[in-house]
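S.K.: Sharing run18.txt (compact mmCIF, C-alpha atoms and all ligand atoms) below.
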# COMPACT_ATOMS: atom_id res chain seq x y z
CA MET A 22 10.66 -2.61 0.32
CA PRO A 23 8.67 -2.68 3.55
CA GLU A 24 5.84 -5.18 3.13
CA LEU A 25 2.61 -5.51 5.12
CA PRO A 26 4.23 -7.42 8.02
CA GLU A 27 6.94 -4.76 8.44
CA VAL A 28 4.30 -2.03 8.39
CA GLU A 29 2.23 -3.91 10.98
CA VAL A 30 5.34 -4.43 13.14
CA THR A 31 6.00 -0.70 12.85
CA ARG A 32 2.39 0.10 13.79
CA ARG A 33 2.58 -2.08 16.87
CA GLY A 34 5.91 -0.50 17.77
CA ILE A 35 4.81 3.12 17.50
CA ALA A 36 1.13 3.01 18.55
CA PRO A 37 1.64 2.64 22.33
CA LYS A 38 4.31 5.36 22.25
CA ILE A 39 2.24 8.05 20.54
CA ALA A 40 -1.44 7.26 21.21
CA GLY A 41 -3.06 9.65 23.69
CA ARG A 42 -0.27 12.22 23.29
CA ARG A 43 -0.60 15.78 22.11
CA ILE A 44 1.28 16.87 18.99
CA SER A 45 3.54 19.72 20.09
CA ALA A 46 5.29 20.43 16.79
CA VAL A 47 5.74 19.20 13.23
CA ALA A 48 8.92 19.43 11.16
CA VAL A 49 8.84 18.95 7.40
CA ARG A 50 12.45 19.22 6.24
CA GLU A 51 11.80 17.83 2.76
CA PRO A 52 8.25 18.15 1.36
CA ARG A 53 9.12 16.49 -1.94
CA LEU A 54 8.30 12.89 -1.15
CA ARG A 55 6.31 10.62 -3.49
CA TRP A 56 3.68 13.37 -3.35
CA ARG A 57 4.28 16.82 -1.92
CA VAL A 58 3.54 16.95 1.82
CA PRO A 59 0.33 19.03 2.01
CA GLU A 60 0.17 22.35 3.85
CA ALA A 61 -2.36 20.94 6.34
CA VAL A 62 0.36 18.68 7.80
CA HIS A 63 2.37 21.73 8.89
CA GLY A 64 -0.50 22.85 11.11
CA LEU A 65 -1.12 19.67 13.13
CA ALA A 66 0.30 20.96 16.44
CA GLY A 67 -2.29 21.03 19.21
CA ARG A 68 -4.16 17.93 18.09
CA THR A 69 -4.07 14.70 20.07
CA VAL A 70 -3.18 11.33 18.52
CA LEU A 71 -6.18 9.10 19.19
CA GLY A 72 -4.76 5.91 17.73
CA VAL A 73 -2.74 4.30 14.93
CA ALA A 74 -4.46 2.01 12.44
CA ARG A 75 -3.25 0.35 9.24
CA ARG A 76 -4.89 -0.15 5.84
CA ALA A 77 -2.77 -2.19 3.40
CA LYS A 78 0.67 -0.62 3.78
CA TYR A 79 -0.62 2.78 4.89
CA LEU A 80 -0.36 3.83 8.53
CA LEU A 81 -3.30 5.96 9.63
CA ILE A 82 -2.64 8.26 12.57
CA ASP A 83 -6.02 9.38 13.87
CA CYS A 84 -5.91 13.03 14.90
CA GLY A 85 -9.64 13.47 15.54
CA ASP A 86 -10.66 15.90 12.80
CA GLY A 87 -8.51 14.11 10.27
CA CYS A 88 -5.99 11.44 9.70
CA LEU A 89 -2.29 11.61 8.96
CA ILE A 90 -1.52 8.99 6.31
CA LEU A 91 2.04 7.64 6.22
CA HIS A 92 3.56 5.26 3.68
CA LEU A 93 7.11 3.92 3.85
CA GLY A 94 7.57 3.65 0.08
CA MET A 95 10.69 1.74 -1.00
CA SER A 96 13.08 2.60 1.78
CA GLY A 97 11.24 4.44 4.55
CA SER A 98 11.39 3.67 8.24
CA LEU A 99 9.83 5.20 11.32
CA ARG A 100 11.45 5.53 14.71
CA ILE A 101 10.55 6.90 18.09
CA LEU A 102 13.35 9.17 19.33
CA PRO A 103 13.80 11.71 22.12
CA ALA A 104 12.50 15.13 21.01
CA GLY A 105 15.36 17.29 19.82
CA THR A 106 17.47 14.45 18.39
CA ALA A 107 19.51 16.01 15.58
CA PRO A 108 18.24 15.00 12.14
CA GLU A 109 20.44 13.16 9.67
CA LYS A 110 20.48 13.51 5.92
CA HIS A 111 17.38 11.50 5.02
CA ASP A 112 15.23 12.39 8.05
CA HIS A 113 12.48 14.27 6.23
CA PHE A 114 9.61 14.45 8.71
CA ASP A 115 9.10 14.62 12.49
CA LEU A 116 5.91 14.50 14.50
CA VAL A 117 6.91 15.83 17.92
CA LEU A 118 4.82 14.72 20.92
CA GLY A 119 6.22 16.38 24.03
CA ASP A 120 9.44 14.62 25.06
CA ARG A 121 9.51 12.23 22.11
CA MET A 122 8.99 12.25 18.37
CA LEU A 123 8.07 10.03 15.48
CA ARG A 124 10.69 10.46 12.75
CA LEU A 125 10.46 9.35 9.11
CA ARG A 126 13.71 8.49 7.39
CA ASP A 127 13.40 7.82 3.66
CA PRO A 128 16.55 7.92 1.50
CA ARG A 129 14.73 7.26 -1.79
CA ARG A 130 11.75 9.52 -1.04
CA PHE A 131 9.08 7.19 -2.40
CA GLY A 132 7.30 7.37 0.94
CA ALA A 133 4.33 9.61 1.67
CA VAL A 134 3.04 11.96 4.37
CA LEU A 135 -0.55 12.97 3.56
CA TRP A 136 -3.60 14.32 5.33
CA ALA A 137 -7.23 13.19 5.04
CA GLU A 138 -9.86 15.48 6.55
CA SER A 139 -12.66 13.67 8.31
CA ALA A 140 -14.98 16.67 8.14
CA SER A 141 -17.04 14.91 5.47
CA GLY A 142 -17.57 12.01 7.86
CA ALA A 143 -16.14 9.60 5.31
CA GLY A 144 -12.82 9.10 7.09
CA PRO A 145 -9.55 7.99 5.51
CA ALA A 146 -11.20 5.04 3.70
CA ALA A 147 -12.56 7.51 1.15
CA HIS A 148 -9.10 8.92 0.36
CA PRO A 149 -8.27 8.29 -3.32
CA LEU A 150 -5.25 6.15 -2.37
CA LEU A 151 -7.32 3.89 -0.14
CA ALA A 152 -10.72 3.80 -1.81
CA HIS A 153 -9.95 1.06 -4.34
CA LEU A 154 -7.94 -1.30 -2.18
CA GLY A 155 -8.88 -4.97 -1.94
CA ILE A 156 -9.55 -7.11 1.13
CA GLU A 157 -7.36 -6.82 4.20
CA PRO A 158 -5.78 -10.30 4.44
CA LEU A 159 -5.59 -10.48 8.22
CA SER A 160 -9.22 -9.46 8.66
CA ARG A 161 -12.16 -11.83 8.89
CA ALA A 162 -13.26 -10.58 5.48
CA LEU A 163 -10.72 -12.89 3.87
CA ASP A 164 -11.89 -16.47 4.17
CA GLY A 165 -12.24 -19.41 1.81
CA ARG A 166 -15.75 -18.50 0.66
CA ARG A 167 -14.85 -14.91 -0.12
CA LEU A 168 -11.67 -15.94 -1.92
CA HIS A 169 -13.59 -18.54 -3.94
CA ALA A 170 -16.18 -15.95 -4.98
CA LEU A 171 -13.53 -13.35 -5.85
CA THR A 172 -11.44 -15.69 -7.99
CA ARG A 173 -14.28 -16.97 -10.24
CA ALA A 174 -13.85 -14.26 -12.89
CA HIS A 175 -10.04 -14.39 -13.08
CA ARG A 176 -8.09 -16.41 -15.61
CA SER A 177 -4.76 -15.06 -14.37
CA ALA A 178 -2.44 -17.32 -12.38
CA ILE A 179 -3.35 -17.47 -8.70
CA LYS A 180 0.04 -16.01 -7.71
CA LEU A 181 -0.66 -12.87 -9.78
CA PHE A 182 -4.20 -12.65 -8.42
CA LEU A 183 -2.87 -12.77 -4.85
CA MET A 184 -0.41 -9.96 -5.56
CA ASP A 185 -3.05 -7.68 -7.10
CA SER A 186 -3.87 -5.09 -4.43
CA ARG A 187 -7.26 -4.40 -6.01
CA ARG A 188 -8.22 -7.97 -4.93
CA VAL A 189 -6.26 -8.61 -1.74
CA VAL A 190 -3.86 -6.07 -0.25
CA GLY A 191 -0.41 -6.57 1.21
CA VAL A 192 0.54 -9.97 -0.24
CA GLY A 193 3.89 -9.13 -1.81
CA ASN A 194 6.13 -11.40 -3.83
CA ILE A 195 7.71 -13.25 -0.91
CA TYR A 196 4.44 -13.84 0.88
CA ALA A 197 2.63 -15.01 -2.26
CA SER A 198 5.20 -17.74 -2.92
CA GLU A 199 5.29 -18.74 0.73
CA SER A 200 1.49 -18.86 1.09
CA LEU A 201 1.04 -20.98 -2.04
CA HIS A 202 3.61 -23.49 -0.80
CA ARG A 203 1.90 -23.63 2.58
CA ALA A 204 -1.44 -24.24 0.82
CA ARG A 205 0.11 -26.78 -1.64
CA ILE A 206 -1.22 -24.94 -4.70
CA ASP A 207 0.62 -24.57 -8.04
CA PRO A 208 1.32 -20.82 -8.45
CA ARG A 209 0.54 -21.08 -12.20
CA LYS A 210 -2.98 -22.44 -11.69
CA PRO A 211 -5.64 -20.09 -13.11
CA ALA A 212 -7.36 -18.34 -10.17
CA ARG A 213 -10.83 -19.37 -11.30
CA ARG A 214 -9.87 -23.06 -11.33
CA LEU A 215 -9.17 -23.19 -7.60
CA THR A 216 -11.61 -25.41 -5.75
CA ALA A 217 -13.48 -24.30 -2.64
CA ALA A 218 -11.15 -26.48 -0.56
CA GLU A 219 -8.08 -24.91 -2.13
CA CYS A 220 -9.44 -21.42 -1.51
CA ALA A 221 -10.05 -22.30 2.14
CA ARG A 222 -6.46 -23.61 2.47
CA LEU A 223 -5.07 -20.56 0.71
CA ALA A 224 -6.97 -18.02 2.82
CA ARG A 225 -5.65 -19.78 5.93
CA ALA A 226 -2.13 -20.00 4.50
CA VAL A 227 -1.99 -16.28 3.67
CA LYS A 228 -2.94 -15.39 7.25
CA GLU A 229 -0.50 -17.89 8.75
CA THR A 230 2.33 -16.67 6.52
CA LEU A 231 1.75 -13.00 7.33
CA ARG A 232 1.37 -13.71 11.04
CA ALA A 233 4.60 -15.72 11.07
CA ALA A 234 6.40 -12.80 9.42
CA ILE A 235 4.94 -10.33 11.91
CA ARG A 236 6.11 -12.58 14.73
CA ALA A 237 9.58 -12.72 13.20
CA GLY A 238 9.63 -8.93 13.25
CA GLY A 239 9.07 -8.49 9.56
CA SER A 240 11.31 -9.79 6.82
CA SER A 241 14.11 -7.68 5.56
CA LEU A 242 15.33 -7.59 1.98
CA ARG A 243 16.88 -4.14 1.99
CA ASP A 244 17.33 -1.54 4.61
CA PHE A 245 14.17 -1.82 6.61
CA VAL A 246 14.72 -1.40 10.32
CA GLY A 247 11.75 -1.98 12.61
CA SER A 248 10.63 0.85 14.85
CA ASP A 249 12.70 -0.64 17.65
CA GLY A 250 15.77 -1.00 15.45
CA VAL A 251 15.78 -4.79 15.13
CA TYR A 252 16.16 -6.49 11.75
CA GLY A 253 13.59 -9.13 10.94
CA CYS A 254 14.59 -12.70 10.35
CA PHE A 255 11.57 -14.15 8.55
CA GLN A 256 13.46 -14.56 5.30
CA ALA A 257 16.03 -16.91 6.82
CA ARG A 258 13.15 -19.27 7.61
CA ALA A 259 11.47 -19.06 4.19
CA ARG A 260 9.90 -22.28 2.93
CA VAL A 261 10.64 -21.69 -0.77
CA TYR A 262 11.51 -18.01 -1.35
CA GLU A 263 14.99 -17.67 -2.93
CA ARG A 264 15.60 -21.37 -2.27
CA ASP A 265 15.71 -22.59 -5.90
CA GLY A 266 17.64 -25.85 -6.12
CA LEU A 267 17.46 -26.38 -2.36
CA PRO A 268 15.30 -29.16 -0.91
CA CYS A 269 11.61 -28.43 -0.23
CA ARG A 270 11.21 -28.28 3.53
CA ARG A 271 8.22 -30.63 3.30
CA CYS A 272 9.27 -33.30 0.77
CA ALA A 273 12.95 -32.59 -0.11
CA THR A 274 12.26 -32.16 -3.86
CA PRO A 275 14.44 -29.32 -5.21
CA VAL A 276 12.59 -25.99 -5.17
CA ARG A 277 12.06 -24.51 -8.63
CA ARG A 278 12.16 -20.86 -9.74
CA ILE A 279 9.99 -19.47 -12.56
CA VAL A 280 9.10 -15.95 -13.66
CA GLN A 281 5.51 -14.67 -13.49
CA GLY A 282 4.64 -11.06 -14.27
CA GLN A 283 8.38 -10.24 -14.32
CA ARG A 284 8.78 -11.45 -10.74
CA SER A 285 10.41 -14.62 -9.48
CA THR A 286 8.14 -17.32 -8.15
CA TYR A 287 9.51 -20.19 -6.07
CA TYR A 288 7.58 -23.42 -5.64
CA CYS A 289 7.90 -27.15 -5.07
CA PRO A 290 6.94 -29.12 -8.20
CA ALA A 291 6.01 -32.13 -6.07
CA CYS A 292 3.94 -30.52 -3.28
CA GLN A 293 2.26 -27.86 -5.41
CA ARG A 294 0.48 -29.65 -8.24
ZN ZN B 301 7.71 -30.33 -1.61
Translate the structure described by the file into structure tokens.
Ligand SMILES: [Zn+2]
M.R.:
Amino acid sequence: MPELPEVEVTRRGIAPKIAGRRISAVAVREPRLRWRVPEAVHGLAGRTVLGVARRAKYLLIDCGDGCLILHLGMSGSLRILPAGTAPEKHDHFDLVLGDRMLRLRDPRRFGAVLWAESASGAGPAAHPLLAHLGIEPLSRALDGRRLHALTRAHRSAIKLFLMDSRRVVGVGNIYASESLHRARIDPRKPARRLTAAECARLARAVKETLRAAIRAGGSSLRDFVGSDGVYGCFQARARVYERDGLPCRRCATPVRRIVQGQRSTYYCPACQR
């Protein structure tokens, strides 16, 4: 499943290739994605792409009077191709911009192509899918003080807190384990028991982990291909993720695997007390 770093890598890959260009045509070959592609999307030709932003794992293509919202779901990928490139089986959506196009391929069809009008002045942030999302981890809004304040009311394990997108967005299973190892915090520790110093370390660790993954081109568990067609290699460098029984990269103690919220957690029992 594409995670925040893959989506950010995709954003950086496509933004310079479509920003400032006029939409010349739209092709919706399969409207039955996670939600039905709305009629408004069919009529986007003539608008100019002003920029490409990201909120959590949603890509927001600013078209002036509204915003095209794209989500890659479980298996989606976006590519820039020459206009007119013949579609293959799972190529459900094209945004054509003169001599090139942005193409969504999504074999499992859990992705989304939606439209948010900005006529109300509220912008895409008010869209029902985006309105209740937590803090953006790479923004300044996430720091030790904010994390400390947010965790006070939560008895749940810090790993589960981190993965709850109503609190902090975009920290998936891999990145939660990796960040907690980097911050030397036991993933089972109740969120509200974290000290101010631990929260400061964790906020920093989350940013460092996500930035490292973005640099590596996004990690790849399944069939994600970055917008330039290069597989990421973050996972090969993981500190603890899927390394149970292997030596901790910091202290050589064997990494342990446990299950939290039906997901595997990997941690070092010596470094993360
Ligand atoms: Zn260790």
S.K.: Counting only C-alpha atoms and all ligand atoms, name the residues that have an atom within 9 Å of an atom of ligand ZN 301 (chain B); the answer should be given as a list in words.
M.R.: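 Protein and nucleic-acid residues within 9 Å of ligand ZN 301 (chain B): His202, Arg205, Pro268, Cys269, Arg270, Arg271, Cys272, Ala273, Thr274, Pro275, Val276, Tyr288, Cys289, Pro290, Ala291, Cys292 and Gln293 of chain A.
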S.K.: Separation of atom CA of Arg57 of chain A and atom CA of Gly94 of chain A, in Å?
M.R.: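 Pair atom CA of Arg57 of chain A / atom CA of Gly94 of chain A returns 13.7 Å.
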S.K.: Determine, counting only C-alpha atoms, which protein, DNA and RNA residues have an atom within 9 Å of an atom of Asp86 of chain A; residues of the same chain fewer than 6 positions away are not included. Present the result as a CSV table (one decimal) with C-alpha atoms, in the coordinates of the input.
M.R.:
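Wrote it out as out_39.csv, contents follow:
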chain,number,residue,atom,x,y,z
A,68,ARG,CA,-4.2,17.9,18.1
A,137,ALA,CA,-7.2,13.2,5.0
A,138,GLU,CA,-9.9,15.5,6.6
A,139,SER,CA,-12.7,13.7,8.3
A,140,ALA,CA,-15.0,16.7,8.1
S.K.: Any idea what the distance is between atom CA of His169 of chain A and atom CA of Arg203 of chain A?
M.R.: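 Atom CA of His169 of chain A sits 17.6 Å away from atom CA of Arg203 of chain A.
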S.K.: As a PyMOL selection string, please: the residues near Ser186 of chain A (cut-off 12 Å, all atoms listed in the file, same-chain neighbours under 5 positions excluded).
M.R.: chain A and resi 25+76-78+150-158+181+191-194
S.K.: Between A:Pro37, A:Arg167, A:Met184, A:Ala74, which is the closest to Ile101 of chain A once you count only C-alpha atoms?
M.R.: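 Once distances to Ile101 of chain A are computed over only C-alpha atoms, the minimum belongs to A:Pro37.
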S.K.: Need to verify the contact set: Leu215 of chain A, 9 Å, only C-alpha atoms, exclusion of same-chain residues closer than 4 positions in sequence. Can you return it as a PyMOL selection string?
M.R.: chain A and resi 169+172-173+179+206+210-211+219-220
S.K.: Write out as a list in words which residues come within 9 Å of Ala36 of chain A when counting only C-alpha atoms, dropping same-chain ones fewer than 4 positions away.
M.R.: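 Contacts, in chain order: Thr31, Arg32, Ala40, Gly72, Val73, Ala74 and Ile82 of chain A.
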